[in-house]
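The data block below is model_2.pdb; it holds PDB, C-alpha atoms.
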ATOM      1  CA  ASP Q  12     202.325  70.660 124.287  1.00  0.00           C
ATOM      2  CA  LYS Q  13     201.468  74.353 124.428  1.00  0.00           C
ATOM      3  CA  VAL Q  14     201.653  76.073 121.038  1.00  0.00           C
ATOM      4  CA  VAL Q  15     201.635  79.886 121.221  1.00  0.00           C
ATOM      5  CA  GLU Q  16     200.983  82.006 118.139  1.00  0.00           C
ATOM      6  CA  ASN Q  17     200.874  85.782 117.755  1.00  0.00           C
ATOM      7  CA  MET Q  18     198.005  86.785 115.477  1.00  0.00           C
ATOM      8  CA  TYR Q  19     198.510  90.243 113.958  1.00  0.00           C
ATOM      9  CA  CYS Q  20     195.522  92.240 112.767  1.00  0.00           C
ATOM     10  CA  SER Q  21     195.049  95.758 111.404  1.00  0.00           C
ATOM     11  CA  LEU Q  22     192.971  98.643 112.651  1.00  0.00           C
ATOM     12  CA  THR Q  23     189.821  99.301 110.670  1.00  0.00           C
ATOM     13  CA  THR Q  24     189.230 102.814 109.322  1.00  0.00           C
ATOM     14  CA  LYS Q  25     186.986 103.576 112.315  1.00  0.00           C
ATOM     15  CA  GLN Q  26     189.529 102.258 114.804  1.00  0.00           C
ATOM     16  CA  ALA Q  27     192.394 104.170 113.156  1.00  0.00           C
ATOM     17  CA  ALA Q  28     190.487 107.462 113.377  1.00  0.00           C
ATOM     18  CA  LEU Q  29     189.731 106.921 117.069  1.00  0.00           C
ATOM     19  CA  TYR Q  30     193.330 105.873 117.755  1.00  0.00           C
ATOM     20  CA  GLU Q  31     194.797 108.967 116.068  1.00  0.00           C
ATOM     21  CA  SER Q  32     192.447 111.249 118.001  1.00  0.00           C
ATOM     22  CA  LYS Q  33     193.687 109.815 121.320  1.00  0.00           C
ATOM     23  CA  VAL Q  34     197.445 110.000 120.591  1.00  0.00           C
ATOM     24  CA  LYS Q  35     197.339 113.498 119.100  1.00  0.00           C
ATOM     25  CA  ASN Q  36     199.824 115.838 120.841  1.00  0.00           C
ATOM     26  CA  VAL Q  37     200.882 113.099 123.289  1.00  0.00           C
ATOM     27  CA  GLU Q  38     204.373 114.627 123.657  1.00  0.00           C
ATOM     28  CA  GLU Q  39     202.980 118.021 124.678  1.00  0.00           C
ATOM     29  CA  LYS Q  40     200.555 116.407 127.118  1.00  0.00           C
ATOM     30  CA  LEU Q  41     203.385 114.464 128.745  1.00  0.00           C
ATOM     31  CA  ALA Q  42     205.395 117.666 129.112  1.00  0.00           C
ATOM     32  CA  ASP Q  43     202.437 119.335 130.860  1.00  0.00           C
ATOM     33  CA  CYS Q  44     202.437 116.721 133.642  1.00  0.00           C
ATOM     34  CA  GLU Q  45     203.955 118.367 136.736  1.00  0.00           C
ATOM     35  CA  THR Q  46     204.405 115.263 138.910  1.00  0.00           C
ATOM     36  CA  LYS Q  47     205.229 111.592 138.392  1.00  0.00           C
ATOM     37  CA  ALA Q  48     201.758 110.717 139.655  1.00  0.00           C
ATOM     38  CA  GLN Q  49     200.145 112.942 137.023  1.00  0.00           C
ATOM     39  CA  ARG Q  50     202.378 111.505 134.331  1.00  0.00           C
ATOM     40  CA  ASN Q  51     201.585 107.891 135.283  1.00  0.00           C
ATOM     41  CA  SER Q  52     197.883 108.693 135.444  1.00  0.00           C
ATOM     42  CA  PHE Q  53     197.992 110.140 131.933  1.00  0.00           C
ATOM     43  CA  ILE Q  54     199.982 107.205 130.522  1.00  0.00           C
ATOM     44  CA  PHE Q  55     197.770 104.481 131.975  1.00  0.00           C
ATOM     45  CA  GLU Q  56     194.555 106.286 131.087  1.00  0.00           C
ATOM     46  CA  LEU Q  57     195.809 106.634 127.506  1.00  0.00           C
ATOM     47  CA  MET Q  58     196.832 102.978 127.375  1.00  0.00           C
ATOM     48  CA  LEU Q  59     193.428 101.909 128.713  1.00  0.00           C
ATOM     49  CA  ARG Q  60     191.579 103.894 126.044  1.00  0.00           C
ATOM     50  CA  LEU Q  61     193.833 102.647 123.252  1.00  0.00           C
ATOM     51  CA  LYS Q  62     193.313  99.046 124.377  1.00  0.00           C
ATOM     52  CA  GLN Q  63     189.579  99.597 124.157  1.00  0.00           C
ATOM     53  CA  ILE Q  64     189.882 101.096 120.669  1.00  0.00           C
ATOM     54  CA  CYS Q  65     192.056  98.210 119.480  1.00  0.00           C
ATOM     55  CA  ASN Q  66     189.514  95.738 120.884  1.00  0.00           C
ATOM     56  CA  HIS Q  67     186.459  97.263 119.224  1.00  0.00           C
ATOM     57  CA  PRO Q  68     185.087 100.817 118.806  1.00  0.00           C
ATOM     58  CA  ALA Q  69     182.095  99.767 120.928  1.00  0.00           C
ATOM     59  CA  ASN Q  70     184.470  98.923 123.793  1.00  0.00           C
ATOM     60  CA  PHE Q  71     185.618 102.545 123.686  1.00  0.00           C
ATOM     61  CA  HIS Q  72     182.307 104.312 122.999  1.00  0.00           C
ATOM     62  CA  HIS Q  73     178.864 102.873 123.733  1.00  0.00           C
ATOM     63  CA  ASP Q  74     177.283 104.540 120.692  1.00  0.00           C
ATOM     64  CA  CYS Q  75     179.326 102.435 118.244  1.00  0.00           C
ATOM     65  CA  VAL Q  76     177.721  99.452 116.524  1.00  0.00           C
ATOM     66  CA  ARG Q  77     178.546  96.028 117.946  1.00  0.00           C
ATOM     67  CA  ASP Q  78     179.503  94.211 114.751  1.00  0.00           C
ATOM     68  CA  ILE Q  79     182.318  92.172 113.246  1.00  0.00           C
ATOM     69  CA  GLU Q  80     183.480  94.504 110.498  1.00  0.00           C
ATOM     70  CA  SER Q  81     184.309  97.475 112.768  1.00  0.00           C
ATOM     71  CA  SER Q  82     187.208  95.683 114.480  1.00  0.00           C
ATOM     72  CA  GLY Q  83     190.271  93.954 113.073  1.00  0.00           C
ATOM     73  CA  LYS Q  84     190.476  91.785 116.196  1.00  0.00           C
ATOM     74  CA  MET Q  85     186.839  90.775 115.965  1.00  0.00           C
ATOM     75  CA  LYS Q  86     187.282  89.701 112.356  1.00  0.00           C
ATOM     76  CA  MET Q  87     190.344  87.641 113.273  1.00  0.00           C
ATOM     77  CA  LEU Q  88     188.585  86.082 116.265  1.00  0.00           C
ATOM     78  CA  CYS Q  89     185.676  84.971 114.086  1.00  0.00           C
ATOM     79  CA  GLU Q  90     188.093  83.379 111.624  1.00  0.00           C
ATOM     80  CA  LEU Q  91     189.531  81.370 114.525  1.00  0.00           C
ATOM     81  CA  LEU Q  92     186.085  80.467 115.862  1.00  0.00           C
ATOM     82  CA  ASP Q  93     184.938  79.248 112.442  1.00  0.00           C
ATOM     83  CA  THR Q  94     187.574  76.512 112.581  1.00  0.00           C
ATOM     84  CA  ILE Q  95     187.378  75.733 116.319  1.00  0.00           C
ATOM     85  CA  LEU Q  96     183.588  75.338 116.335  1.00  0.00           C
ATOM     86  CA  MET Q  97     183.577  73.314 113.128  1.00  0.00           C
ATOM     87  CA  GLN Q  98     186.072  70.888 114.719  1.00  0.00           C
ATOM     88  CA  GLY Q  99     183.815  70.504 117.756  1.00  0.00           C
ATOM     89  CA  GLU Q 100     186.514  71.801 120.130  1.00  0.00           C
ATOM     90  CA  LYS Q 101     186.338  74.277 123.002  1.00  0.00           C
ATOM     91  CA  VAL Q 102     187.899  77.687 123.521  1.00  0.00           C
ATOM     92  CA  LEU Q 103     188.573  80.156 126.338  1.00  0.00           C
ATOM     93  CA  ILE Q 104     188.559  83.816 125.309  1.00  0.00           C
ATOM     94  CA  PHE Q 105     190.243  86.161 127.816  1.00  0.00           C
ATOM     95  CA  THR Q 106     189.732  89.927 127.972  1.00  0.00           C
ATOM     96  CA  GLN Q 107     190.368  92.535 130.680  1.00  0.00           C
ATOM     97  CA  PHE Q 108     187.033  94.244 130.085  1.00  0.00           C
ATOM     98  CA  VAL Q 109     183.602  93.060 131.232  1.00  0.00           C
ATOM     99  CA  LYS Q 110     182.220  95.457 128.611  1.00  0.00           C
ATOM    100  CA  MET Q 111     184.152  93.544 125.942  1.00  0.00           C
ATOM    101  CA  ILE Q 112     182.641  90.293 127.220  1.00  0.00           C
ATOM    102  CA  GLU Q 113     179.193  91.836 126.638  1.00  0.00           C
ATOM    103  CA  ILE Q 114     180.171  92.879 123.099  1.00  0.00           C
ATOM    104  CA  LEU Q 115     181.648  89.468 122.310  1.00  0.00           C
ATOM    105  CA  THR Q 116     178.507  87.783 123.641  1.00  0.00           C
ATOM    106  CA  ASP Q 117     176.275  89.867 121.362  1.00  0.00           C
ATOM    107  CA  VAL Q 118     178.427  89.358 118.267  1.00  0.00           C
ATOM    108  CA  ILE Q 119     178.932  85.613 118.779  1.00  0.00           C
ATOM    109  CA  GLU Q 120     175.254  84.993 119.515  1.00  0.00           C
ATOM    110  CA  ARG Q 121     174.137  86.844 116.379  1.00  0.00           C
ATOM    111  CA  HIS Q 122     176.809  85.344 114.116  1.00  0.00           C
ATOM    112  CA  TYR Q 123     176.914  81.728 115.333  1.00  0.00           C
ATOM    113  CA  HIS Q 124     173.410  81.435 116.863  1.00  0.00           C
ATOM    114  CA  VAL Q 125     174.851  80.166 120.138  1.00  0.00           C
ATOM    115  CA  ARG Q 126     175.146  82.058 123.411  1.00  0.00           C
ATOM    116  CA  PRO Q 127     178.646  81.743 124.910  1.00  0.00           C
ATOM    117  CA  LEU Q 128     179.174  81.115 128.602  1.00  0.00           C
ATOM    118  CA  VAL Q 129     180.682  83.956 130.633  1.00  0.00           C
ATOM    119  CA  PHE Q 130     182.843  84.173 133.755  1.00  0.00           C
ATOM    120  CA  HIS Q 131     183.676  87.504 135.387  1.00  0.00           C
ATOM    121  CA  GLY Q 132     183.844  89.232 138.752  1.00  0.00           C
ATOM    122  CA  GLN Q 133     180.339  90.711 138.623  1.00  0.00           C
ATOM    123  CA  LEU Q 134     178.708  87.269 138.687  1.00  0.00           C
ATOM    124  CA  THR Q 135     177.647  85.468 141.866  1.00  0.00           C
ATOM    125  CA  GLU Q 136     179.615  82.434 142.989  1.00  0.00           C
ATOM    126  CA  LYS Q 137     176.703  80.222 141.944  1.00  0.00           C
ATOM    127  CA  GLN Q 138     176.656  81.742 138.453  1.00  0.00           C
ATOM    128  CA  LYS Q 139     180.413  81.239 138.133  1.00  0.00           C
ATOM    129  CA  ASP Q 140     180.206  77.613 139.302  1.00  0.00           C
ATOM    130  CA  THR Q 141     177.374  76.906 136.869  1.00  0.00           C
ATOM    131  CA  ALA Q 142     179.337  78.391 133.960  1.00  0.00           C
ATOM    132  CA  VAL Q 143     182.424  76.276 134.763  1.00  0.00           C
ATOM    133  CA  GLN Q 144     180.397  73.087 135.298  1.00  0.00           C
ATOM    134  CA  THR Q 145     178.474  73.564 132.049  1.00  0.00           C
ATOM    135  CA  PHE Q 146     181.639  74.274 130.075  1.00  0.00           C
ATOM    136  CA  MET Q 147     183.435  71.243 131.471  1.00  0.00           C
ATOM    137  CA  THR Q 148     180.588  68.744 131.018  1.00  0.00           C
ATOM    138  CA  GLN Q 149     178.372  69.814 128.096  1.00  0.00           C
ATOM    139  CA  PRO Q 150     179.747  69.135 124.576  1.00  0.00           C
ATOM    140  CA  HIS Q 151     177.611  71.884 123.017  1.00  0.00           C
ATOM    141  CA  ALA Q 152     179.079  74.566 125.339  1.00  0.00           C
ATOM    142  CA  GLN Q 153     182.152  75.369 123.248  1.00  0.00           C
ATOM    143  CA  ILE Q 154     182.903  79.018 124.138  1.00  0.00           C
ATOM    144  CA  LEU Q 155     183.687  80.521 127.543  1.00  0.00           C
ATOM    145  CA  LEU Q 156     184.386  84.255 127.772  1.00  0.00           C
ATOM    146  CA  VAL Q 157     186.554  85.024 130.809  1.00  0.00           C
ATOM    147  CA  SER Q 158     187.715  88.267 132.404  1.00  0.00           C
ATOM    148  CA  THR Q 159     191.465  87.880 132.913  1.00  0.00           C
ATOM    149  CA  LYS Q 160     191.367  89.175 136.486  1.00  0.00           C
ATOM    150  CA  ALA Q 161     188.497  86.965 137.694  1.00  0.00           C
ATOM    151  CA  GLY Q 162     189.583  83.850 135.825  1.00  0.00           C
ATOM    152  CA  GLY Q 163     193.337  84.076 136.232  1.00  0.00           C
ATOM    153  CA  ILE Q 164     193.781  81.566 139.050  1.00  0.00           C
ATOM    154  CA  GLY Q 165     192.202  78.497 140.579  1.00  0.00           C
ATOM    155  CA  LEU Q 166     190.024  77.385 137.678  1.00  0.00           C
ATOM    156  CA  ASN Q 167     190.305  74.006 135.994  1.00  0.00           C
ATOM    157  CA  LEU Q 168     189.089  74.471 132.409  1.00  0.00           C
ATOM    158  CA  THR Q 169     190.861  71.592 130.692  1.00  0.00           C
ATOM    159  CA  ALA Q 170     187.855  70.930 128.437  1.00  0.00           C
ATOM    160  CA  ALA Q 171     189.322  73.732 126.307  1.00  0.00           C
ATOM    161  CA  ASN Q 172     192.304  73.122 124.085  1.00  0.00           C
ATOM    162  CA  HIS Q 173     192.209  76.609 122.536  1.00  0.00           C
ATOM    163  CA  VAL Q 174     192.947  79.851 124.407  1.00  0.00           C
ATOM    164  CA  VAL Q 175     192.509  83.316 122.901  1.00  0.00           C
ATOM    165  CA  HIS Q 176     193.990  86.381 124.596  1.00  0.00           C
ATOM    166  CA  TYR Q 177     191.790  89.021 123.002  1.00  0.00           C
ATOM    167  CA  ASP Q 178     193.749  91.763 124.751  1.00  0.00           C
ATOM    168  CA  LEU Q 179     197.053  91.503 126.612  1.00  0.00           C
ATOM    169  CA  TRP Q 180     198.144  92.564 130.110  1.00  0.00           C
ATOM    170  CA  TYR Q 181     201.742  93.282 129.048  1.00  0.00           C
ATOM    171  CA  ASN Q 182     202.890  91.069 131.882  1.00  0.00           C
ATOM    172  CA  PRO Q 183     203.800  87.537 130.747  1.00  0.00           C
ATOM    173  CA  ALA Q 184     203.187  86.116 134.237  1.00  0.00           C
ATOM    174  CA  VAL Q 185     199.536  87.250 134.232  1.00  0.00           C
ATOM    175  CA  GLU Q 186     199.047  85.952 130.705  1.00  0.00           C
ATOM    176  CA  ASN Q 187     200.605  82.561 131.492  1.00  0.00           C
ATOM    177  CA  GLN Q 188     198.529  82.260 134.640  1.00  0.00           C
ATOM    178  CA  ALA Q 189     195.377  82.682 132.544  1.00  0.00           C
ATOM    179  CA  THR Q 190     196.558  80.220 129.880  1.00  0.00           C
ATOM    180  CA  ASP Q 191     197.208  77.653 132.590  1.00  0.00           C
ATOM    181  CA  ARG Q 192     193.457  77.350 133.245  1.00  0.00           C
ATOM    182  CA  ALA Q 193     193.558  75.022 130.218  1.00  0.00           C
ATOM    183  CA  PHE Q 194     197.224  73.946 130.102  1.00  0.00           C
ATOM    184  CA  ARG Q 195     197.435  72.041 133.374  1.00  0.00           C
ATOM    185  CA  ILE Q 196     197.229  68.580 134.915  1.00  0.00           C
ATOM    186  CA  GLY Q 197     194.277  66.780 133.376  1.00  0.00           C
ATOM    187  CA  GLN Q 198     194.758  68.266 129.910  1.00  0.00           C
ATOM    188  CA  SER Q 199     195.001  65.419 127.379  1.00  0.00           C
ATOM    189  CA  LYS Q 200     195.331  67.499 124.193  1.00  0.00           C
ATOM    190  CA  ASN Q 201     197.773  70.017 122.780  1.00  0.00           C
ATOM    191  CA  VAL Q 202     196.728  73.541 123.781  1.00  0.00           C
ATOM    192  CA  PHE Q 203     196.779  76.227 121.094  1.00  0.00           C
ATOM    193  CA  VAL Q 204     197.186  79.785 122.390  1.00  0.00           C
ATOM    194  CA  TYR Q 205     196.395  82.779 120.164  1.00  0.00           C
ATOM    195  CA  ARG Q 206     197.571  86.264 121.177  1.00  0.00           C
ATOM    196  CA  LEU Q 207     195.667  88.939 119.239  1.00  0.00           C
ATOM    197  CA  ILE Q 208     197.913  91.959 118.591  1.00  0.00           C
ATOM    198  CA  THR Q 209     197.031  95.059 116.576  1.00  0.00           C
ATOM    199  CA  GLU Q 210     199.975  95.792 114.310  1.00  0.00           C
ATOM    200  CA  LYS Q 211     201.601  99.236 114.052  1.00  0.00           C
ATOM    201  CA  THR Q 212     200.124 100.266 117.414  1.00  0.00           C
ATOM    202  CA  PHE Q 213     201.336 100.365 121.008  1.00  0.00           C
ATOM    203  CA  GLU Q 214     200.186  96.739 121.385  1.00  0.00           C
ATOM    204  CA  GLU Q 215     202.807  95.475 118.954  1.00  0.00           C
ATOM    205  CA  ARG Q 216     205.558  97.737 120.312  1.00  0.00           C
ATOM    206  CA  ILE Q 217     205.031  96.819 123.958  1.00  0.00           C
ATOM    207  CA  ASP Q 218     204.965  93.126 123.111  1.00  0.00           C
ATOM    208  CA  ASP Q 219     208.203  93.493 121.126  1.00  0.00           C
ATOM    209  CA  MET Q 220     209.765  95.276 124.104  1.00  0.00           C
ATOM    210  CA  ILE Q 221     208.771  92.493 126.502  1.00  0.00           C
ATOM    211  CA  GLN Q 222     210.170  89.812 124.222  1.00  0.00           C
ATOM    212  CA  ALA Q 223     213.451  91.729 123.829  1.00  0.00           C
ATOM    213  CA  LYS Q 224     214.067  92.438 127.526  1.00  0.00           C
ATOM    214  CA  ARG Q 225     214.538  89.423 129.751  1.00  0.00           C
ATOM    215  CA  GLU Q 226     213.939  91.414 132.936  1.00  0.00           C
ATOM    216  CA  LEU Q 227     210.439  92.243 131.678  1.00  0.00           C
ATOM    217  CA  SER Q 228     209.803  88.626 130.696  1.00  0.00           C
ATOM    218  CA  ASP Q 229     210.696  87.594 134.260  1.00  0.00           C
ATOM    219  CA  MET Q 230     208.073  89.848 135.884  1.00  0.00           C
ATOM    220  CA  THR Q 231     205.892  88.398 138.637  1.00  0.00           C
ATOM    221  CA  VAL Q 232     202.099  88.537 138.564  1.00  0.00           C
ATOM    222  CA  GLY Q 233     202.102  91.375 141.125  1.00  0.00           C
ATOM    223  CA  THR Q 234     204.219  93.612 138.888  1.00  0.00           C
ATOM    224  CA  LYS Q 235     201.241  94.212 136.586  1.00  0.00           C
ATOM    225  CA  GLU Q 236     202.050  96.993 134.081  1.00  0.00           C
ATOM    226  CA  ALA Q 237     203.749  99.536 136.347  1.00  0.00           C
ATOM    227  CA  TRP Q 238     207.057  99.271 134.449  1.00  0.00           C
ATOM    228  CA  ILE Q 239     205.570 101.218 131.529  1.00  0.00           C
ATOM    229  CA  GLY Q 240     205.379 104.371 133.674  1.00  0.00           C
ATOM    230  CA  ASN Q 241     209.175 104.336 134.072  1.00  0.00           C
ATOM    231  CA  LEU Q 242     209.831 104.779 130.359  1.00  0.00           C
ATOM    232  CA  SER Q 243     211.164 108.110 129.070  1.00  0.00           C
ATOM    233  CA  ASN Q 244     208.880 110.620 127.328  1.00  0.00           C
ATOM    234  CA  GLU Q 245     210.588 109.773 124.036  1.00  0.00           C
ATOM    235  CA  ASP Q 246     209.958 106.053 124.552  1.00  0.00           C
ATOM    236  CA  ILE Q 247     206.351 106.706 125.519  1.00  0.00           C
ATOM    237  CA  ARG Q 248     205.780 108.723 122.376  1.00  0.00           C
ATOM    238  CA  GLY Q 249     207.410 105.954 120.355  1.00  0.00           C
ATOM    239  CA  LEU Q 250     205.023 103.417 121.910  1.00  0.00           C
ATOM    240  CA  PHE Q 251     201.798 105.240 121.226  1.00  0.00           C
ATOM    241  CA  VAL Q 252     202.231 107.254 118.037  1.00  0.00           C
ATOM    242  CA  ARG Q 253     201.551 105.268 114.854  1.00  0.00           C
ATOM    243  CA  THR Q 254     204.064 105.465 112.012  1.00  0.00           C
TER     244      THR Q 254
END

This structure in structure tokens:
Amino acid sequence: DKVVENMYCSLTTKQAALYESKVKNVEEKLADCETKAQRNSFIFELMLRLKQICNHPANFHHDCVRDIESSGKMKMLCELLDTILMQGEKVLIFTQFVKMIEILTDVIERHYHVRPLVFHGQLTEKQKDTAVQTFMTQPHAQILLVSTKAGGIGLNLTAANHVVHYDLWYNPAVENQATDRAFRIGQSKNVFVYRLITEKTFEERIDDMIQAKRELSDMTVGTKEAWIGNLSNEDIRGLFVRT
């Protein structure tokens, strides 16, 4: 079976301050966009930056400390890892950002004294193959950090029976495609999927919107996140501004 659970975490004080600084005057900035292309560019740039802030302040700004306490998601991830590692099981952790993979690597290595394996598009094919082979065959290799884009298709990673989506694509097809690296033929265990969502932010609101609208749930992989640009200014403001 595949068991999917939404894990809701809060922004830390540092994250909340960064978030508020990015969404300030969003309505006025939308009104200043003269073309649809400008408007879409503003929306997706804002969403990108807010995703980074929700992930970890260091994912947004390189001067921020790479630690556990600065990020609600990082704290929740470590709570999950405490149990998974203690049970001797394996986990895939998906993120859109190679920078976030670097941050996760640093934090996990310092906290657990193990260096996780990584898989992303900037590696050579040999490095990717070695990471997959090690993860699938070596019992001590319990954590594989994967960029969603590079690891979304073709990989057989059934050694893992835990999947963490550290950040979401807001397209269920892309997310399911990533999850299916573990939940596929050859998997002999139940697969537990954890979707990390920052409450009272655009992450929670977009996810609620997807769950409520069947046409969004039925999106194909190629749709990506373009549908967000078609929302009204009022809806966009409602997505991004915290209440």

Checklist entry - Between atom CA of Q:Ser81 and atom CA of Q:Leu115, what is the distance, to one decimal in Å? => result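 Interatomic distance, atom CA of Q:Ser81 to atom CA of Q:Leu115: 12.7 Å.
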
Checklist entry - Expanded to explicit residues, what is the PyMOL selection byres ((chain Q and resi 19) around 12) for this file, as a list in words? => result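 That selection, the PyMOL selection byres ((chain Q and resi 19) around 12), comes back as Glu16, Asn17, Met18, Cys20, Ser21, Leu22, Cys65, Gly83, Lys84, Met85, Lys86, Met87, Leu88, Tyr177, Asp178, Tyr205, Arg206, Leu207, Ile208, Thr209, Glu210, Lys211, Thr212, Glu214, Glu215 and Asp218 of chain Q.
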
Write out the residues from the selection above, keeping C-alpha atoms, as a CSV table (one decimal), in the coordinates of the input.
chain,number,residue,atom,x,y,z
Q,16,GLU,CA,201.0,82.0,118.1
Q,17,ASN,CA,200.9,85.8,117.8
Q,18,MET,CA,198.0,86.8,115.5
Q,20,CYS,CA,195.5,92.2,112.8
Q,21,SER,CA,195.0,95.8,111.4
Q,22,LEU,CA,193.0,98.6,112.7
Q,65,CYS,CA,192.1,98.2,119.5
Q,83,GLY,CA,190.3,94.0,113.1
Q,84,LYS,CA,190.5,91.8,116.2
Q,85,MET,CA,186.8,90.8,116.0
Q,86,LYS,CA,187.3,89.7,112.4
Q,87,MET,CA,190.3,87.6,113.3
Q,88,LEU,CA,188.6,86.1,116.3
Q,177,TYR,CA,191.8,89.0,123.0
Q,178,ASP,CA,193.7,91.8,124.8
Q,205,TYR,CA,196.4,82.8,120.2
Q,206,ARG,CA,197.6,86.3,121.2
Q,207,LEU,CA,195.7,88.9,119.2
Q,208,ILE,CA,197.9,92.0,118.6
Q,209,THR,CA,197.0,95.1,116.6
Q,210,GLU,CA,200.0,95.8,114.3
Q,211,LYS,CA,201.6,99.2,114.1
Q,212,THR,CA,200.1,100.3,117.4
Q,214,GLU,CA,200.2,96.7,121.4
Q,215,GLU,CA,202.8,95.5,119.0
Q,218,ASP,CA,205.0,93.1,123.1

With the cut-off set at 12 Å and counting all atoms listed in the file, tabulate each residue of stretch 36-107 of chain Q with an atom at most that distance from an atom of stretch 119-141 of chain Q, showing the nearest atom pair and its distance in Å to one decimal, ordered by chain and increasing number, as JSON lines.
{"residue": "Q:Arg77", "atom": "CA", "partner": "Q:Arg121", "partner_atom": "CA", "distance": 10.3}
{"residue": "Q:Asp78", "atom": "CA", "partner": "Q:Arg121", "partner_atom": "CA", "distance": 9.3}
{"residue": "Q:Ile79", "atom": "CA", "partner": "Q:His122", "partner_atom": "CA", "distance": 8.8}
{"residue": "Q:Glu80", "atom": "CA", "partner": "Q:His122", "partner_atom": "CA", "distance": 11.9}
{"residue": "Q:Met85", "atom": "CA", "partner": "Q:Ile119", "partner_atom": "CA", "distance": 9.9}
{"residue": "Q:Lys86", "atom": "CA", "partner": "Q:Ile119", "partner_atom": "CA", "distance": 11.3}
{"residue": "Q:Leu88", "atom": "CA", "partner": "Q:Ile119", "partner_atom": "CA", "distance": 10.0}
{"residue": "Q:Cys89", "atom": "CA", "partner": "Q:Ile119", "partner_atom": "CA", "distance": 8.2}
{"residue": "Q:Glu90", "atom": "CA", "partner": "Q:His122", "partner_atom": "CA", "distance": 11.7}
{"residue": "Q:Leu92", "atom": "CA", "partner": "Q:Tyr123", "partner_atom": "CA", "distance": 9.3}
{"residue": "Q:Asp93", "atom": "CA", "partner": "Q:Tyr123", "partner_atom": "CA", "distance": 8.9}
{"residue": "Q:Leu96", "atom": "CA", "partner": "Q:Tyr123", "partner_atom": "CA", "distance": 9.3}
{"residue": "Q:Met97", "atom": "CA", "partner": "Q:Tyr123", "partner_atom": "CA", "distance": 11.0}
{"residue": "Q:Lys101", "atom": "CA", "partner": "Q:Pro127", "partner_atom": "CA", "distance": 10.9}
{"residue": "Q:Val102", "atom": "CA", "partner": "Q:Pro127", "partner_atom": "CA", "distance": 10.2}
{"residue": "Q:Leu103", "atom": "CA", "partner": "Q:Leu128", "partner_atom": "CA", "distance": 9.7}
{"residue": "Q:Ile104", "atom": "CA", "partner": "Q:Val129", "partner_atom": "CA", "distance": 9.5}
{"residue": "Q:Phe105", "atom": "CA", "partner": "Q:Phe130", "partner_atom": "CA", "distance": 9.7}
{"residue": "Q:Thr106", "atom": "CA", "partner": "Q:His131", "partner_atom": "CA", "distance": 9.9}
{"residue": "Q:Gln107", "atom": "CA", "partner": "Q:His131", "partner_atom": "CA", "distance": 9.6}

Item to check | Counting all atoms listed in the file, the option among Q:Gln26, Q:Ile64, Q:Val15, Q:Asn51 closest to Q:Glu186 | outcome: Q:Val15

Next on the checklist: Between Q:Phe213, Q:Phe194, Q:Phe203, Q:Tyr181, which residue has the minimum interatomic distance to Q:Gly249, considering only C-alpha atoms?
Outcome noted: Q:Phe213

Next on the checklist: Which residue is closest to Q:Gln198? Choose from Q:Met147, Q:Ile154, Q:Leu179, Q:Ile217 and count only C-alpha atoms.
Outcome noted: Q:Met147

Checklist entry - Using all atoms listed in the file, which residue out of Q:Arg60, Q:Ile221, Q:Asn172, Q:Val185 lies closest to Q:His72? => result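 With all atoms listed in the file as the atom set, the closest residue is Q:Arg60.
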
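Considering all atoms listed in the file, the residue among Q:Ser32, Q:Gln149, Q:Ser82, Q:Ser158 positioned nearest to Q:Val175 is Q:Ser158.
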